[in-house]
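For reference, the structure is listed below as structure tokens.
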Amino acid sequence: MKFEITKNGEVVLSKELTEGSYKIGRAGDCDIVLESSKVSKHHALLVIRGERAAIVDTDSSNGVFVNGILVKKQLLKSSDTIGIGEFQIRKPQLKKLKKELEVFSTSGGLALDKKAEEQLFKQSQEIEVPDLPSVPAAEISAGEKLISFVDTKLLIPFYEIVRVTDYRYLAAVILVLSIGAASIFSVTPVLAWGNEIVKKEALKRGHTIIKQLVRENYRILSKSKDFSMLTTAAAESEKDMLEVYLVDTKTKSVLAPSKYLSKSLNDPYVLIALEDLAESNSGEITKDRGDGTFVLAQSIPYYSTVESISEEEGEDTESNVPLVVVVGYFKIPKTVVGVYEPLAVSGLISLLLALLAFFFVYKMISHPISRLNEQLDAVLKGDDVQLSCVAKFKELETLTTVINFAVSRMKSASGGLASSPSGISGGFDFESEEKSYLKTVDEFCLGSTDAILVIDRDKKIKVVSPVLADLLSLRPQYAIGQNIGDACRDSSFSGTAIELAEKVISSLGENQTATLEINGISRNLSAIGHRLSNGDIEFIVITVKMNG
């Protein structure tokens, strides 16, 4: 399908487009680039399916026009002209062919027969029009590239999910995923920090136990200087202290307890701890064995004086060396309650607050929508109601204004939607009212993105929207006037529609809903009755939600 783009009456671009979707706009990633300040970055979408084409406004700033009329979504005829900013898009007109036909038909009495005209028209369609060079796209900044990337890779797929998923479930999934991600990225370092605190506190307690032994044995050595009286009894009752010794620093032999007197100290961590303790002034040493246990060593302040030769000056010096060292194997306790209980409590509180926030957000959004839905149901039933938004939502306020405008047009077209008592017609032309109402609904269907069906009390089809015709493969010209069960090949849809219509009639026009799988996708259906001025429900409007 060939299209030509003109600006100020001059053709600036000609394109042969196959079946598919083509983005039109100012951005460089568009399929058809229109360089103008009046054209949005992503202005519109041109959709081609077989021999049909449609134009869709993608929330542009200056709108899309078809034959000078502002549209949101419009099926195109062969003679339609699309207006976008300063540009016009249309199928090429065969002006040259028409001129030749006029010349042949008027010159010298010579006229083309019907077969010759058809042949000439066929040849004109086969003429290839060379593509004119496209207008070079403007250089795109890094910020615009980032925004375009986010739109195409993140937001557009997200909008597609929103079309088929209830926003409440989607919000709950986003909430759970965000809490999970927050837990992964925040709890992990907090746990490491908590483990470090536990280790420090546990080692501090272990050294306190060792220090108690140091004080007790220092008193023994100070009074009797009898190494056989040294004891480790104060530490043997501690469950986290696996083993504890009193070690002679000279011979590296065990002095106490008596059950380990013959034990040979060959643990490299103990030997390293003794060497570090002799060189250190801190009086206590900690060595991590890597298996969850630590070697703790403290010297008893009972020294012997030894002579040594200084390496730097070559002079004899004296130094005090501790005679006895307390060495213990200490295990870090795995106490979950002490460390992880505060984290668990904080996590539960965070989850509770998040769920509470979700509840309030859901109520904040659903309440004005439900109120608006109730008002709209009352209007469709014929009540004289002015729609109003009960919350300060800009989008809902705009939608309310649009609906009120549409309702006012329907009232003016049908002579008023307010119902009157049955039997009091006052000579009103109900047939004219029905035609006016159906015409108004038919015009409304052209701009609606939902699939709409109108049937009467006898289940005969009165209006089929273009969206519903595509969804169910219905041909309105054959379906209108037939019973829904005979015209629709989808028996599940026709059965559900008849069931909804019966419920609407029996409930005196109340809104009825159902869920049905259509073409493999679960759709929400709603039905509402419409009263004419005689007070009877004459029509049932069935809407198939296409956006969730």
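The way I read the labels, and the way they are meant: chains A, B, ... in the order of the structure tokens, residue 1 as the first residue of every chain, and ligand 1 as the first ligand shown, with later ones counted on from there.
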Env of Ile300 (chain A): 12 Å cut, atoms = only C-alpha atoms, seq-sep filter 6 positions within chain, self excluded. Answer as a ChimeraX atom specification. /A:210-222,230,246-249,277-278,283-284,321-327
Show me, as a list in words, the residues that have an atom within 7 Å of Glu4 (chain A) when counting only C-alpha atoms, minus same-chain residues fewer than 2 positions from it.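 Returned residues: Lys2, Thr6, Val11, Leu13, Ser14, Lys15, Ile89, Arg90, Lys91 and Pro92 of chain A.
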Excluding Lys287 (chain A) and its own-chain neighbours fewer than 6 positions away, which residues fall within 9 Å of it when counting only C-alpha atoms? Please give them as a list in words.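 My list of contacting residues is Tyr269, Val270, Ile272, Ala273, Thr293, Phe294, Val295, Leu296 and Ala297 of chain A.
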Selected residues written out with N, CA, C and O atoms, as a compact mmCIF listing (two decimals), in the first residue's frame:
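Ended up saving to result_15.txt:
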# COMPACT_ATOMS: atom_id res chain seq x y z
N TYR A 269 48.22 -22.61 65.67
CA TYR A 269 47.56 -21.37 66.09
C TYR A 269 47.95 -21.02 67.53
O TYR A 269 48.11 -19.84 67.87
N VAL A 270 48.07 -22.04 68.39
CA VAL A 270 48.49 -21.80 69.78
C VAL A 270 49.92 -21.31 69.83
O VAL A 270 50.25 -20.35 70.55
N ILE A 272 51.63 -19.78 67.49
CA ILE A 272 51.70 -18.41 66.96
C ILE A 272 51.17 -17.42 67.99
O ILE A 272 51.71 -16.31 68.16
N ALA A 273 50.09 -17.80 68.69
CA ALA A 273 49.53 -16.92 69.71
C ALA A 273 50.53 -16.67 70.83
O ALA A 273 50.65 -15.54 71.33
N THR A 293 36.00 -21.56 65.54
CA THR A 293 36.62 -21.50 66.87
C THR A 293 37.81 -20.54 66.82
O THR A 293 38.41 -20.32 65.76
N PHE A 294 38.14 -20.00 68.00
CA PHE A 294 39.22 -19.03 68.12
C PHE A 294 40.16 -19.47 69.25
O PHE A 294 39.72 -20.08 70.23
N VAL A 295 41.45 -19.13 69.10
CA VAL A 295 42.44 -19.32 70.16
C VAL A 295 42.58 -18.00 70.89
O VAL A 295 42.95 -16.98 70.29
N LEU A 296 42.27 -18.02 72.19
CA LEU A 296 42.39 -16.83 73.03
C LEU A 296 43.56 -17.04 73.99
O LEU A 296 43.65 -18.10 74.65
N ALA A 297 44.44 -16.06 74.08
CA ALA A 297 45.62 -16.19 74.95
C ALA A 297 45.82 -14.90 75.73
O ALA A 297 45.74 -13.80 75.17
Test item: residues at most 8 Å from Gly529 (chain A), only C-alpha atoms, excluding those fewer than 6 positions along its chain, as a CSV table (one decimal) with N, CA, C and O atoms, in the first residue's frame:
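Dumped to selection.csv:
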chain,number,residue,atom,x,y,z
A,380,LEU,N,-26.9,5.8,32.1
A,380,LEU,CA,-27.3,4.8,31.0
A,380,LEU,C,-28.7,4.3,31.2
A,380,LEU,O,-29.3,3.8,30.3
A,381,LYS,N,-29.1,4.2,32.5
A,381,LYS,CA,-30.5,3.8,32.7
A,381,LYS,C,-31.5,4.9,32.5
A,381,LYS,O,-32.7,4.6,32.6
A,504,VAL,N,-30.3,-8.3,33.1
A,504,VAL,CA,-30.5,-6.8,33.0
A,504,VAL,C,-32.0,-6.6,33.0
A,504,VAL,O,-32.5,-5.7,33.8
A,505,ILE,N,-32.8,-7.3,32.2
A,505,ILE,CA,-34.2,-7.1,32.1
A,505,ILE,C,-34.9,-7.4,33.4
A,505,ILE,O,-35.8,-6.7,33.9
A,508,LEU,N,-34.5,-4.9,36.2
A,508,LEU,CA,-34.9,-3.5,35.9
A,508,LEU,C,-33.8,-2.6,35.5
A,508,LEU,O,-33.8,-1.4,35.8
A,509,GLY,N,-32.8,-3.1,34.7
A,509,GLY,CA,-31.8,-2.3,34.2
A,509,GLY,C,-30.5,-2.2,34.9
A,509,GLY,O,-29.6,-1.4,34.5
A,510,GLU,N,-30.4,-2.9,36.0
A,510,GLU,CA,-29.1,-2.9,36.8
A,510,GLU,C,-27.9,-3.4,36.0
A,510,GLU,O,-28.1,-4.3,35.2
A,511,ASN,N,-26.8,-2.9,36.3
A,511,ASN,CA,-25.5,-3.3,35.7
A,511,ASN,C,-25.2,-4.8,36.0
A,511,ASN,O,-25.3,-5.1,37.2
A,537,ILE,N,-37.3,-0.8,29.4
A,537,ILE,CA,-36.0,-1.1,28.9
A,537,ILE,C,-36.1,-1.7,27.5
A,537,ILE,O,-36.5,-2.8,27.3
A,538,GLU,N,-35.6,-0.9,26.6
A,538,GLU,CA,-35.7,-1.4,25.2
A,538,GLU,C,-34.4,-1.9,24.6
A,538,GLU,O,-34.4,-2.8,23.7
A,539,PHE,N,-33.3,-1.4,25.2
A,539,PHE,CA,-32.0,-1.9,24.6
A,539,PHE,C,-31.1,-2.3,25.8
A,539,PHE,O,-31.2,-1.8,26.9
A,540,ILE,N,-30.2,-3.2,25.5
A,540,ILE,CA,-29.2,-3.7,26.4
A,540,ILE,C,-27.8,-3.4,25.8
A,540,ILE,O,-27.5,-3.9,24.7
A,541,VAL,N,-27.0,-2.6,26.4
A,541,VAL,CA,-25.6,-2.2,25.9
A,541,VAL,C,-24.6,-3.2,26.6
A,541,VAL,O,-24.5,-3.2,27.8
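Residues in contact with Glu238 (chain A) at up to 12 Å, not including ones fewer than 3 positions away on its chain and judged by only C-alpha atoms, are Arg205, Gly206, Thr208, Ile209, Ile210, Thr232, Ala233, Ala234, Ala235, Met241, Leu242, Glu243, Val244, Gly328, Tyr329, Phe330, Lys331 and Pro333 of chain A.
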Those same residues, written as an mmCIF file, in the first residue's frame with N, CA, C and O atoms?
data_model
loop_
_atom_site.group_PDB
_atom_site.id
_atom_site.type_symbol
_atom_site.label_atom_id
_atom_site.label_comp_id
_atom_site.auth_asym_id
_atom_site.auth_seq_id
_atom_site.Cartn_x
_atom_site.Cartn_y
_atom_site.Cartn_z
ATOM 1 N N ARG A 205 33.388 -11.692 75.596
ATOM 2 C CA ARG A 205 33.004 -12.545 76.713
ATOM 3 C C ARG A 205 34.031 -13.643 76.963
ATOM 4 O O ARG A 205 34.338 -13.999 78.103
ATOM 5 N N GLY A 206 34.588 -14.206 75.867
ATOM 6 C CA GLY A 206 35.615 -15.231 76.019
ATOM 7 C C GLY A 206 36.851 -14.711 76.726
ATOM 8 O O GLY A 206 37.419 -15.385 77.603
ATOM 9 N N THR A 208 36.886 -12.287 78.777
ATOM 10 C CA THR A 208 36.500 -12.046 80.175
ATOM 11 C C THR A 208 36.673 -13.312 81.012
ATOM 12 O O THR A 208 37.141 -13.270 82.160
ATOM 13 N N ILE A 209 36.310 -14.470 80.416
ATOM 14 C CA ILE A 209 36.500 -15.753 81.118
ATOM 15 C C ILE A 209 37.986 -16.018 81.345
ATOM 16 O O ILE A 209 38.408 -16.430 82.442
ATOM 17 N N ILE A 210 38.797 -15.780 80.310
ATOM 18 C CA ILE A 210 40.241 -15.981 80.431
ATOM 19 C C ILE A 210 40.819 -15.026 81.475
ATOM 20 O O ILE A 210 41.687 -15.390 82.287
ATOM 21 N N THR A 232 42.161 -24.308 86.398
ATOM 22 C CA THR A 232 41.294 -23.778 85.306
ATOM 23 C C THR A 232 39.830 -24.059 85.601
ATOM 24 O O THR A 232 38.988 -24.046 84.704
ATOM 25 N N ALA A 233 39.494 -24.310 86.846
ATOM 26 C CA ALA A 233 38.127 -24.703 87.208
ATOM 27 C C ALA A 233 37.105 -23.636 86.870
ATOM 28 O O ALA A 233 35.953 -23.936 86.522
ATOM 29 N N ALA A 234 37.488 -22.375 86.956
ATOM 30 C CA ALA A 234 36.521 -21.300 86.697
ATOM 31 C C ALA A 234 36.023 -21.272 85.259
ATOM 32 O O ALA A 234 34.957 -20.717 84.974
ATOM 33 N N ALA A 235 36.791 -21.842 84.319
ATOM 34 C CA ALA A 235 36.402 -21.809 82.900
ATOM 35 C C ALA A 235 35.800 -23.111 82.418
ATOM 36 O O ALA A 235 35.219 -23.158 81.327
ATOM 37 N N MET A 241 33.563 -22.392 76.012
ATOM 38 C CA MET A 241 35.003 -22.557 76.156
ATOM 39 C C MET A 241 35.289 -24.060 76.032
ATOM 40 O O MET A 241 35.087 -24.827 76.968
ATOM 41 N N LEU A 242 35.765 -24.479 74.872
ATOM 42 C CA LEU A 242 35.933 -25.908 74.592
ATOM 43 C C LEU A 242 37.056 -26.512 75.432
ATOM 44 O O LEU A 242 36.868 -27.554 76.073
ATOM 45 N N GLU A 243 38.222 -25.885 75.415
ATOM 46 C CA GLU A 243 39.365 -26.354 76.196
ATOM 47 C C GLU A 243 40.149 -25.137 76.679
ATOM 48 O O GLU A 243 40.186 -24.104 75.995
ATOM 49 N N VAL A 244 40.772 -25.283 77.854
ATOM 50 C CA VAL A 244 41.585 -24.194 78.379
ATOM 51 C C VAL A 244 42.797 -24.792 79.090
ATOM 52 O O VAL A 244 42.696 -25.802 79.779
ATOM 53 N N GLY A 328 42.992 -20.708 75.580
ATOM 54 C CA GLY A 328 41.702 -21.378 75.502
ATOM 55 C C GLY A 328 41.170 -21.449 74.092
ATOM 56 O O GLY A 328 41.439 -20.569 73.267
ATOM 57 N N TYR A 329 40.419 -22.534 73.810
ATOM 58 C CA TYR A 329 39.695 -22.679 72.539
ATOM 59 C C TYR A 329 38.251 -22.234 72.763
ATOM 60 O O TYR A 329 37.518 -22.846 73.554
ATOM 61 N N PHE A 330 37.860 -21.199 72.049
ATOM 62 C CA PHE A 330 36.542 -20.604 72.270
ATOM 63 C C PHE A 330 35.720 -20.701 70.989
ATOM 64 O O PHE A 330 36.207 -20.398 69.896
ATOM 65 N N LYS A 331 34.457 -21.104 71.109
ATOM 66 C CA LYS A 331 33.563 -21.253 69.960
ATOM 67 C C LYS A 331 32.514 -20.144 69.968
ATOM 68 O O LYS A 331 31.883 -19.903 71.000
ATOM 69 N N PRO A 333 29.057 -18.691 69.633
ATOM 70 C CA PRO A 333 27.713 -19.287 69.702
ATOM 71 C C PRO A 333 26.840 -18.803 68.544
ATOM 72 O O PRO A 333 26.879 -17.634 68.166
#
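CA of Ser473 (chain A) is found 9.4 Å from CA of Asp490 (chain A).
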Two-atom distance - CA of Ile498 (chain A), CA of Gln482 (chain A) (Å):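 It comes out at 13.3 Å.
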Which polymer residues have any atom within 9 Å of an atom of region 394-400 of chain A, counting only C-alpha atoms, with same-chain residues fewer than 5 positions away left out, as a PyMOL selection string? chain A and resi 368-369+372+387-389+405
Which residue gives the smallest distance to Gln88 (chain A) among A:Lys204, A:Lys503, A:Lys7, A:Lys259, with only C-alpha atoms counted? A:Lys7
Could you work out how far CA of Glu433 (chain A) lies from CA of Arg475 (chain A), giving the answer in Å with one decimal?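 It comes out at 25.4 Å.
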Considering only C-alpha atoms, state which residue in the set A:Ser465, A:Ser21, A:Ser492, A:Ser78 is at the smallest distance from Val544 (chain A). A:Ser465
